[in-house]
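Just final_34.txt here, compact mmCIF, C-alpha atoms:
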```
# COMPACT_ATOMS: atom_id res chain seq x y z
CA MET A 77 -12.75 17.00 1.55
CA PHE A 78 -9.17 18.25 1.30
CA THR A 79 -8.36 19.75 -2.10
CA SER A 80 -5.03 21.20 -3.16
CA GLU A 81 -4.85 24.03 -5.68
CA LYS A 82 -1.94 25.08 -7.90
CA GLU A 83 -1.94 27.98 -10.36
CA ILE A 84 0.04 27.49 -13.56
CA GLU A 85 0.83 30.04 -16.26
CA VAL A 86 0.48 28.43 -19.67
CA ARG A 87 3.74 28.68 -21.59
CA TYR A 88 4.01 29.08 -25.36
CA ALA A 89 5.99 25.81 -25.58
CA GLU A 90 2.94 23.95 -24.21
CA THR A 91 0.81 24.87 -27.23
CA ASP A 92 0.46 23.49 -30.75
CA GLN A 93 0.40 25.46 -34.03
CA MET A 94 -3.17 26.52 -33.32
CA GLY A 95 -2.14 28.12 -30.00
CA VAL A 96 -4.03 25.46 -28.06
CA VAL A 97 -2.37 23.51 -25.25
CA TYR A 98 -1.16 20.12 -26.49
CA HIS A 99 -3.08 17.34 -24.71
CA ALA A 100 -0.04 15.66 -23.10
CA ASN A 101 0.72 18.80 -21.09
CA TYR A 102 -2.37 18.16 -18.99
CA LEU A 103 -0.56 15.07 -17.66
CA VAL A 104 2.39 17.22 -16.60
CA TRP A 105 0.00 19.60 -14.84
CA MET A 106 -1.61 16.64 -13.07
CA GLU A 107 1.82 15.59 -11.78
CA ILE A 108 2.39 19.14 -10.52
CA GLY A 109 -1.01 19.00 -8.81
CA ARG A 110 -0.26 15.62 -7.23
CA THR A 111 3.12 16.69 -5.85
CA THR A 112 1.56 19.92 -4.58
CA LEU A 113 -1.15 17.92 -2.78
CA ILE A 114 1.50 15.71 -1.18
CA LYS A 115 3.50 18.77 -0.11
CA ASP A 116 0.39 20.53 1.23
CA LEU A 117 -0.22 17.47 3.43
CA GLY A 118 3.31 17.74 4.84
CA TYR A 119 4.98 14.94 2.88
CA GLU A 120 7.48 14.82 0.03
CA TYR A 121 7.37 12.52 -2.98
CA ALA A 122 11.14 12.88 -3.43
CA GLN A 123 11.59 11.42 0.07
CA LEU A 124 9.57 8.37 -0.97
CA GLU A 125 12.05 7.87 -3.82
CA ARG A 126 15.05 8.41 -1.52
CA ASP A 127 13.55 5.70 0.71
CA GLY A 128 13.66 3.30 -2.25
CA TYR A 129 10.06 3.48 -3.52
CA LEU A 130 8.23 4.77 -6.59
CA SER A 131 4.57 5.43 -7.31
CA PRO A 132 3.91 4.71 -11.00
CA VAL A 133 0.68 5.44 -12.82
CA THR A 134 -1.31 2.26 -13.50
CA GLU A 135 -4.38 3.86 -15.06
CA LEU A 136 -5.28 7.31 -16.37
CA SER A 137 -8.41 8.95 -17.73
CA VAL A 138 -8.76 12.54 -18.93
CA LYS A 139 -11.92 14.24 -20.18
CA TYR A 140 -11.17 17.37 -22.17
CA LYS A 141 -14.05 19.87 -21.98
CA THR A 142 -12.72 23.16 -23.41
CA SER A 143 -9.37 24.19 -24.81
CA ILE A 144 -6.73 26.16 -22.98
CA THR A 145 -4.56 28.66 -24.85
CA TYR A 146 -1.22 30.38 -24.43
CA GLY A 147 -1.19 33.19 -21.90
CA GLU A 148 -3.93 31.80 -19.67
CA THR A 149 -3.42 31.13 -15.98
CA ILE A 150 -5.08 27.88 -15.04
CA THR A 151 -5.70 26.20 -11.70
CA VAL A 152 -5.16 22.51 -11.07
CA LYS A 153 -7.32 21.16 -8.24
CA THR A 154 -6.22 17.78 -6.87
CA TRP A 155 -7.64 15.46 -4.22
CA VAL A 156 -7.50 11.83 -3.11
CA GLU A 157 -10.51 10.20 -4.73
CA SER A 158 -9.92 6.84 -3.03
CA HIS A 159 -7.14 5.11 -1.12
CA GLY A 160 -6.89 1.40 -0.41
CA LYS A 161 -4.29 -1.17 0.57
CA LEU A 162 -2.26 -0.90 -2.63
CA ARG A 163 -4.00 1.63 -4.85
CA THR A 164 -4.50 5.39 -4.63
CA VAL A 165 -6.76 7.22 -7.06
CA TYR A 166 -6.29 10.97 -7.43
CA GLY A 167 -8.96 13.26 -8.87
CA TYR A 168 -8.27 16.44 -10.81
CA GLU A 169 -10.03 19.48 -12.21
CA ILE A 170 -8.16 21.84 -14.49
CA LEU A 171 -9.89 25.21 -14.46
CA HIS A 172 -9.77 28.39 -16.52
CA ALA A 173 -9.24 31.66 -14.62
CA ASP A 174 -13.02 32.24 -14.62
CA GLY A 175 -13.52 28.91 -12.79
CA SER A 176 -14.95 27.01 -15.76
CA ILE A 177 -13.74 23.45 -16.20
CA ALA A 178 -11.26 22.79 -19.00
CA ALA A 179 -10.66 19.14 -18.08
CA THR A 180 -11.34 16.52 -15.44
CA ALA A 181 -9.19 13.49 -14.78
CA VAL A 182 -8.35 10.59 -12.51
CA SER A 183 -5.06 8.75 -12.15
CA GLU A 184 -4.46 5.48 -10.34
CA HIS A 185 -1.13 4.77 -8.65
CA VAL A 186 0.56 2.01 -6.68
CA VAL A 187 3.67 2.18 -4.52
CA VAL A 188 6.44 -0.21 -5.58
CA LYS A 189 9.92 -1.07 -4.40
CA LYS A 190 12.41 0.67 -6.66
CA GLU A 191 14.70 -2.35 -7.08
CA ASN A 192 12.07 -4.90 -8.19
CA PHE A 193 8.80 -2.99 -8.84
CA ARG A 194 6.90 -5.20 -6.40
CA PRO A 195 3.87 -3.46 -4.91
CA VAL A 196 4.05 -2.45 -1.26
CA SER A 197 1.44 -0.89 0.98
CA LEU A 198 1.98 2.77 1.85
CA ARG A 199 0.81 1.75 5.33
CA LYS A 200 3.95 -0.37 5.80
CA ILE A 201 6.46 2.30 4.77
CA HIS A 202 4.73 5.55 5.82
CA PRO A 203 1.82 4.76 8.18
CA GLU A 204 1.11 8.43 8.94
CA TRP A 205 0.91 9.29 5.22
CA ASP A 206 -1.38 6.31 4.65
CA ALA A 207 -3.60 7.42 7.56
CA LYS A 208 -3.84 10.95 6.15
CA TYR A 209 -4.88 9.63 2.71
CA THR A 210 -7.48 7.39 4.35
CA GLU A 211 -8.80 10.36 6.33
CA ILE A 212 -9.12 12.75 3.38
CA GLN A 213 -10.26 10.41 0.61
CA ARG A 214 -13.50 11.33 -1.10
CA GLY A 215 -14.66 7.77 -1.81
CA GLU A 216 -14.06 4.37 -0.29
CA GLY A 217 -10.71 2.61 -0.73
```
Let me see the file written as C-alpha cells.
Amino acid sequence: MFTSEKEIEVRYAETDQMGVVYHANYLVWMEIGRTTLIKDLGYEYAQLERDGYLSPVTELSVKYKTSITYGETITVKTWVESHGKLRTVYGYEILHADGSIAATAVSEHVVVKKENFRPVSLRKIHPEWDAKYTEIQRGEG
C-alpha cells in the first residue's frame, strides 16, 4: 500500500490556551497530507482546479486519541482507503514523533465541475490519475 508522509512542526498559533492543538487544525493537516500524497504520485491538485474541477469533502470522521502540544513535530500519514467511480476516501494517521498515534481520520471526496458542482468521474478527466488511485487503494472502491 502506498502511503505518503509529511512532517509538520506545530506552531503556537495552532494551540488553545491550554497549549493543546485546537481540533480544527487536524483538518488543515489532513489537507496538507492529501496534497502531499497527490504530489508524491506525480499529480497536482492545483492543476485539477485550473482544469475547471474541484474535489470537495462530502464526509469526514476524526478520532482523537492523544493531544498534541506546541513545539512537537508530528507526521501525517495519508493513503487512498478506497476509490470508486465518483468517490475517493482518504485515510490518515497523525503521529507523535515517537510514532504513537495522536489521531486517525478518513475523508470522503468527489470531483465536481467548478461551474455547476455536478459530479464527474476522475476517470473521464484524468484517466491516469484514476488508474493510479485504483492501483494503490487499500480497500475496494
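For the pair atom CA of Pro132 of chain A and atom CA of Val188 of chain A, the interatomic distance is 7.7 Å.
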Worksheet item: Got a sec: who's within 8 Å of Thr164 of chain A, counting all atoms listed in the file, leaving out chain neighbours fewer than 6 positions off, as a list in words?
Response: Val156, Glu157, Ser158, Glu184, His185, Val186 and Gly217 of chain A
Write out as a Markdown table the residues of segment 104-172 of chain A that have any atom within 8 Å of an atom of segment 85-95 of chain A, one row each with the nearest atom pair and its distance in Å to one decimal, counting all atoms listed in the file, sorted by chain and then rising number.
```
| residue | atom | partner | partner_atom | distance |
| --- | --- | --- | --- | --- |
| A:Thr145 | CA | A:Gly95 | CA | 5.7 |
| A:Tyr146 | CA | A:Val86 | CA | 5.4 |
| A:Gly147 | CA | A:Val86 | CA | 5.5 |
| A:Glu148 | CA | A:Val86 | CA | 5.6 |
| A:Thr149 | CA | A:Glu85 | CA | 4.4 |
| A:Ile150 | CA | A:Glu85 | CA | 6.4 |
```
Item to complete: Have a look at A:Arg126, A:Arg110, A:His99, A:Arg214 and name the one nearest to Ser143 of chain A; count all atoms listed in the file.
Response: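 Of A:Arg126, A:Arg110, A:His99, A:Arg214, the one nearest Ser143 of chain A, counting all atoms listed in the file, is A:His99.
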Practice prompt. Go through A:Val187, A:Glu81, A:Tyr140, A:Lys161 one by one, measure the shortest atom-to-atom distance of each to Thr210 of chain A using all atoms listed in the file, and give the residue with the smallest value.
Written response: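 Of A:Val187, A:Glu81, A:Tyr140, A:Lys161, the one nearest Thr210 of chain A, counting all atoms listed in the file, is A:Lys161.
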Worksheet item: Separation of atom CA of Gly109 of chain A and atom CA of Asn192 of chain A, in Å?
Response: 27.3 Å
Worksheet entry | Radius query 10 Å about (-9.2, 6.9, -15.6), atoms used: only C-alpha atoms, as a list in words |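 The requested residues, written out, are Thr134, Glu135, Leu136, Ser137, Val138, Lys139, Val165, Tyr166, Gly167, Thr180, Ala181, Val182, Ser183 and Glu184 of chain A.
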Fix up segment 185-196 of chain A with all heavy atoms, then write it as a PDB file, keeping the file's coordinate frame.
```
ATOM      1  N   HIS A 185      -2.537   5.000  -8.944  1.00  0.00           N
ATOM      2  CA  HIS A 185      -1.130   4.770  -8.650  1.00  0.00           C
ATOM      3  C   HIS A 185      -0.974   3.639  -7.642  1.00  0.00           C
ATOM      4  O   HIS A 185      -1.852   3.428  -6.806  1.00  0.00           O
ATOM      5  CB  HIS A 185      -0.490   6.026  -8.044  1.00  0.00           C
ATOM      6  CG  HIS A 185      -0.578   7.213  -8.932  1.00  0.00           C
ATOM      7  ND1 HIS A 185       0.506   7.709  -9.590  1.00  0.00           N
ATOM      8  CD2 HIS A 185      -1.623   7.994  -9.285  1.00  0.00           C
ATOM      9  CE1 HIS A 185       0.131   8.754 -10.316  1.00  0.00           C
ATOM     10  NE2 HIS A 185      -1.163   8.940 -10.147  1.00  0.00           N
ATOM     11  N   VAL A 186       0.158   2.965  -7.706  1.00  0.00           N
ATOM     12  CA  VAL A 186       0.560   2.010  -6.680  1.00  0.00           C
ATOM     13  C   VAL A 186       1.952   2.405  -6.209  1.00  0.00           C
ATOM     14  O   VAL A 186       2.681   3.093  -6.922  1.00  0.00           O
ATOM     15  CB  VAL A 186       0.567   0.547  -7.187  1.00  0.00           C
ATOM     16  CG1 VAL A 186      -0.822   0.095  -7.557  1.00  0.00           C
ATOM     17  CG2 VAL A 186       1.523   0.378  -8.336  1.00  0.00           C
ATOM     18  N   VAL A 187       2.308   1.988  -5.018  1.00  0.00           N
ATOM     19  CA  VAL A 187       3.670   2.180  -4.520  1.00  0.00           C
ATOM     20  C   VAL A 187       4.410   0.870  -4.750  1.00  0.00           C
ATOM     21  O   VAL A 187       3.882  -0.209  -4.438  1.00  0.00           O
ATOM     22  CB  VAL A 187       3.688   2.572  -3.029  1.00  0.00           C
ATOM     23  CG1 VAL A 187       5.112   2.673  -2.507  1.00  0.00           C
ATOM     24  CG2 VAL A 187       2.945   3.888  -2.817  1.00  0.00           C
ATOM     25  N   VAL A 188       5.619   0.974  -5.314  1.00  0.00           N
ATOM     26  CA  VAL A 188       6.440  -0.210  -5.580  1.00  0.00           C
ATOM     27  C   VAL A 188       7.848  -0.004  -5.054  1.00  0.00           C
ATOM     28  O   VAL A 188       8.307   1.128  -4.920  1.00  0.00           O
ATOM     29  CB  VAL A 188       6.491  -0.547  -7.095  1.00  0.00           C
ATOM     30  CG1 VAL A 188       5.113  -0.868  -7.646  1.00  0.00           C
ATOM     31  CG2 VAL A 188       7.147   0.577  -7.887  1.00  0.00           C
ATOM     32  N   LYS A 189       8.509  -1.123  -4.766  1.00  0.00           N
ATOM     33  CA  LYS A 189       9.920  -1.070  -4.400  1.00  0.00           C
ATOM     34  C   LYS A 189      10.715  -0.726  -5.651  1.00  0.00           C
ATOM     35  O   LYS A 189      10.486  -1.304  -6.713  1.00  0.00           O
ATOM     36  CB  LYS A 189      10.387  -2.404  -3.828  1.00  0.00           C
ATOM     37  CG  LYS A 189       9.779  -2.724  -2.492  1.00  0.00           C
ATOM     38  CD  LYS A 189      10.318  -4.038  -1.953  1.00  0.00           C
ATOM     39  CE  LYS A 189       9.661  -4.368  -0.629  1.00  0.00           C
ATOM     40  NZ  LYS A 189      10.151  -5.634  -0.077  1.00  0.00           N
ATOM     41  N   LYS A 190      11.646   0.192  -5.520  1.00  0.00           N
ATOM     42  CA  LYS A 190      12.410   0.670  -6.660  1.00  0.00           C
ATOM     43  C   LYS A 190      13.220  -0.447  -7.326  1.00  0.00           C
ATOM     44  O   LYS A 190      13.313  -0.509  -8.545  1.00  0.00           O
ATOM     45  CB  LYS A 190      13.343   1.795  -6.212  1.00  0.00           C
ATOM     46  CG  LYS A 190      13.897   2.656  -7.326  1.00  0.00           C
ATOM     47  CD  LYS A 190      14.859   3.696  -6.783  1.00  0.00           C
ATOM     48  CE  LYS A 190      14.223   5.042  -6.684  1.00  0.00           C
ATOM     49  NZ  LYS A 190      15.156   6.113  -6.317  1.00  0.00           N
ATOM     50  N   GLU A 191      13.784  -1.336  -6.521  1.00  0.00           N
ATOM     51  CA  GLU A 191      14.700  -2.350  -7.080  1.00  0.00           C
ATOM     52  C   GLU A 191      13.999  -3.477  -7.830  1.00  0.00           C
ATOM     53  O   GLU A 191      14.576  -4.094  -8.708  1.00  0.00           O
ATOM     54  CB  GLU A 191      15.632  -2.932  -6.010  1.00  0.00           C
ATOM     55  CG  GLU A 191      14.984  -3.916  -5.058  1.00  0.00           C
ATOM     56  CD  GLU A 191      14.525  -3.309  -3.754  1.00  0.00           C
ATOM     57  OE1 GLU A 191      14.701  -2.097  -3.557  1.00  0.00           O
ATOM     58  OE2 GLU A 191      13.997  -4.059  -2.919  1.00  0.00           O
ATOM     59  N   ASN A 192      12.721  -3.758  -7.518  1.00  0.00           N
ATOM     60  CA  ASN A 192      12.070  -4.900  -8.190  1.00  0.00           C
ATOM     61  C   ASN A 192      10.640  -4.609  -8.660  1.00  0.00           C
ATOM     62  O   ASN A 192       9.998  -5.481  -9.221  1.00  0.00           O
ATOM     63  CB  ASN A 192      12.072  -6.122  -7.272  1.00  0.00           C
ATOM     64  CG  ASN A 192      11.339  -5.880  -5.969  1.00  0.00           C
ATOM     65  OD1 ASN A 192      10.568  -4.933  -5.824  1.00  0.00           O
ATOM     66  ND2 ASN A 192      11.582  -6.749  -5.002  1.00  0.00           N
ATOM     67  N   PHE A 193      10.155  -3.426  -8.433  1.00  0.00           N
ATOM     68  CA  PHE A 193       8.800  -2.990  -8.840  1.00  0.00           C
ATOM     69  C   PHE A 193       7.696  -3.844  -8.225  1.00  0.00           C
ATOM     70  O   PHE A 193       6.593  -3.901  -8.750  1.00  0.00           O
ATOM     71  CB  PHE A 193       8.672  -2.929 -10.362  1.00  0.00           C
ATOM     72  CG  PHE A 193       9.071  -1.578 -10.906  1.00  0.00           C
ATOM     73  CD1 PHE A 193      10.390  -1.179 -10.920  1.00  0.00           C
ATOM     74  CD2 PHE A 193       8.106  -0.709 -11.377  1.00  0.00           C
ATOM     75  CE1 PHE A 193      10.761   0.062 -11.411  1.00  0.00           C
ATOM     76  CE2 PHE A 193       8.464   0.539 -11.869  1.00  0.00           C
ATOM     77  CZ  PHE A 193       9.801   0.927 -11.886  1.00  0.00           C
ATOM     78  N   ARG A 194       7.954  -4.461  -7.105  1.00  0.00           N
ATOM     79  CA  ARG A 194       6.900  -5.200  -6.400  1.00  0.00           C
ATOM     80  C   ARG A 194       6.065  -4.230  -5.577  1.00  0.00           C
ATOM     81  O   ARG A 194       6.603  -3.383  -4.867  1.00  0.00           O
ATOM     82  CB  ARG A 194       7.517  -6.241  -5.473  1.00  0.00           C
ATOM     83  CG  ARG A 194       8.130  -7.359  -6.255  1.00  0.00           C
ATOM     84  CD  ARG A 194       8.211  -8.587  -5.438  1.00  0.00           C
ATOM     85  NE  ARG A 194       8.677  -9.646  -6.316  1.00  0.00           N
ATOM     86  CZ  ARG A 194       9.011 -10.821  -5.915  1.00  0.00           C
ATOM     87  NH1 ARG A 194       8.921 -11.125  -4.639  1.00  0.00           N
ATOM     88  NH2 ARG A 194       9.426 -11.721  -6.772  1.00  0.00           N
ATOM     89  N   PRO A 195       4.743  -4.360  -5.663  1.00  0.00           N
ATOM     90  CA  PRO A 195       3.870  -3.460  -4.910  1.00  0.00           C
ATOM     91  C   PRO A 195       4.073  -3.603  -3.399  1.00  0.00           C
ATOM     92  O   PRO A 195       4.341  -4.691  -2.883  1.00  0.00           O
ATOM     93  CB  PRO A 195       2.461  -3.928  -5.294  1.00  0.00           C
ATOM     94  CG  PRO A 195       2.628  -4.644  -6.581  1.00  0.00           C
ATOM     95  CD  PRO A 195       3.992  -5.274  -6.510  1.00  0.00           C
ATOM     96  N   VAL A 196       3.946  -2.485  -2.720  1.00  0.00           N
ATOM     97  CA  VAL A 196       4.050  -2.450  -1.260  1.00  0.00           C
ATOM     98  C   VAL A 196       2.996  -1.458  -0.749  1.00  0.00           C
ATOM     99  O   VAL A 196       2.702  -0.459  -1.402  1.00  0.00           O
ATOM    100  CB  VAL A 196       5.474  -2.053  -0.809  1.00  0.00           C
ATOM    101  CG1 VAL A 196       5.853  -0.675  -1.298  1.00  0.00           C
ATOM    102  CG2 VAL A 196       5.629  -2.141   0.690  1.00  0.00           C
TER     103      VAL A 196
END
```
